[in-house]
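Colleague: Next up is a structure, given as structure tokens.
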Amino acid sequence: MSATFEGKPWTASFTVAQTMQMGGKPMLNLSGTEQGSPTMTFNSMMVLKDPNDLAGTYPLKTGSLANSANFNILDSGAMVGHVRFATGAIVIDKYDAAAKTISGHFSGSGKDESGRLEQLTDGKFSGVLVTAQ
């Protein structure tokens, strides 16, 4: 998983995709973390259109657990940055049911806690293993 955040390249050290049931709905949590100083994490939660075929476009919105995403920045364990994406989308271009992997792209924009608009662009993920909770 990789993207451009605030105009700088970001590459996850590891990526996780996990399906689960939440409030009776099939959900997918997709996240990637770049370890280091600071540690930066993209995290998203999507309501699946079809739990047997994960491919599709998932528009991001704030104020809802469904189809939400954020970017967190931690330094020495303390949160030093947090962006909630109000616009954008996560697109799962391919779901390989046999291999249980997803590939796709994402982008978004939202405000940090000071109200400054932040951009996440050129996001990509490929061959991410999907596990069930």
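Scheme for the structure tokens: letters A, B, ... for chains in order shown; per-chain residue numbers from 1; ligand numbers from 1 in order shown.
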Quick one: residues within 10 Å of stretch 58-68 of chain A, only C-alpha atoms, excluding same-chain residues fewer than 6 positions away - as a list of chain:residue names?

Modeller: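 Here the qualifying residues turn out to be A:Met22, A:Lys25, A:Met27, A:Leu28, A:Asn29, A:Asn43, A:Ser44, A:Met45, A:Met46, A:Val47, A:Leu48, A:Lys49, A:Arg84, A:Phe85, A:Ala86, A:Thr87, A:Gly88, A:Ala89, A:Ile90, A:Val91, A:Ile92, A:Phe106, A:Ser107, A:Gly108, A:Ser109, A:Gly110.
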
Colleague: As a list in words, please: the residues near A:Val16 (cut-off 8 Å, only C-alpha atoms, same-chain neighbours under 2 positions excluded).

Modeller: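 Here the qualifying residues turn out to be Phe14, Gln18, Asn29, Leu30, Ser31, Gly32, Val128, Leu129 and Val130 of chain A.
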
Colleague: If I take atom CA of A:Phe71 and atom CA of A:Asn52, how far is one from the other in Å, to one decimal?

Modeller: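 Here the two named atoms are 27.8 Å from each other.
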
Colleague: Given the choices A:Thr101, A:Gln119, A:Ser76, A:Ser114, which gets closest to A:Ala17 if the distance is worked out from only C-alpha atoms?

Modeller: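 Closest to A:Ala17 of all the choices is A:Thr101.
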
Colleague: Would you pick out the contacts of A:Val83 at 9 Å or less, using only C-alpha atoms, so that residues sharing its chain but fewer than 5 positions from it are not included, and give the list as a list in words?

Modeller: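 These residues fall inside the cut-off: Ala69, Asn70, Phe71, Asn72, Ile73, Ser109, Gly110, Lys111, Asp112, Glu113, Leu117 and Glu118 of chain A.
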
Colleague: Calculate how many Å separate atom CA of A:Thr4 from atom CA of A:Lys124, rounding to one decimal.

Modeller: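 Separation between atom CA of A:Thr4 and atom CA of A:Lys124: 9.8 Å.
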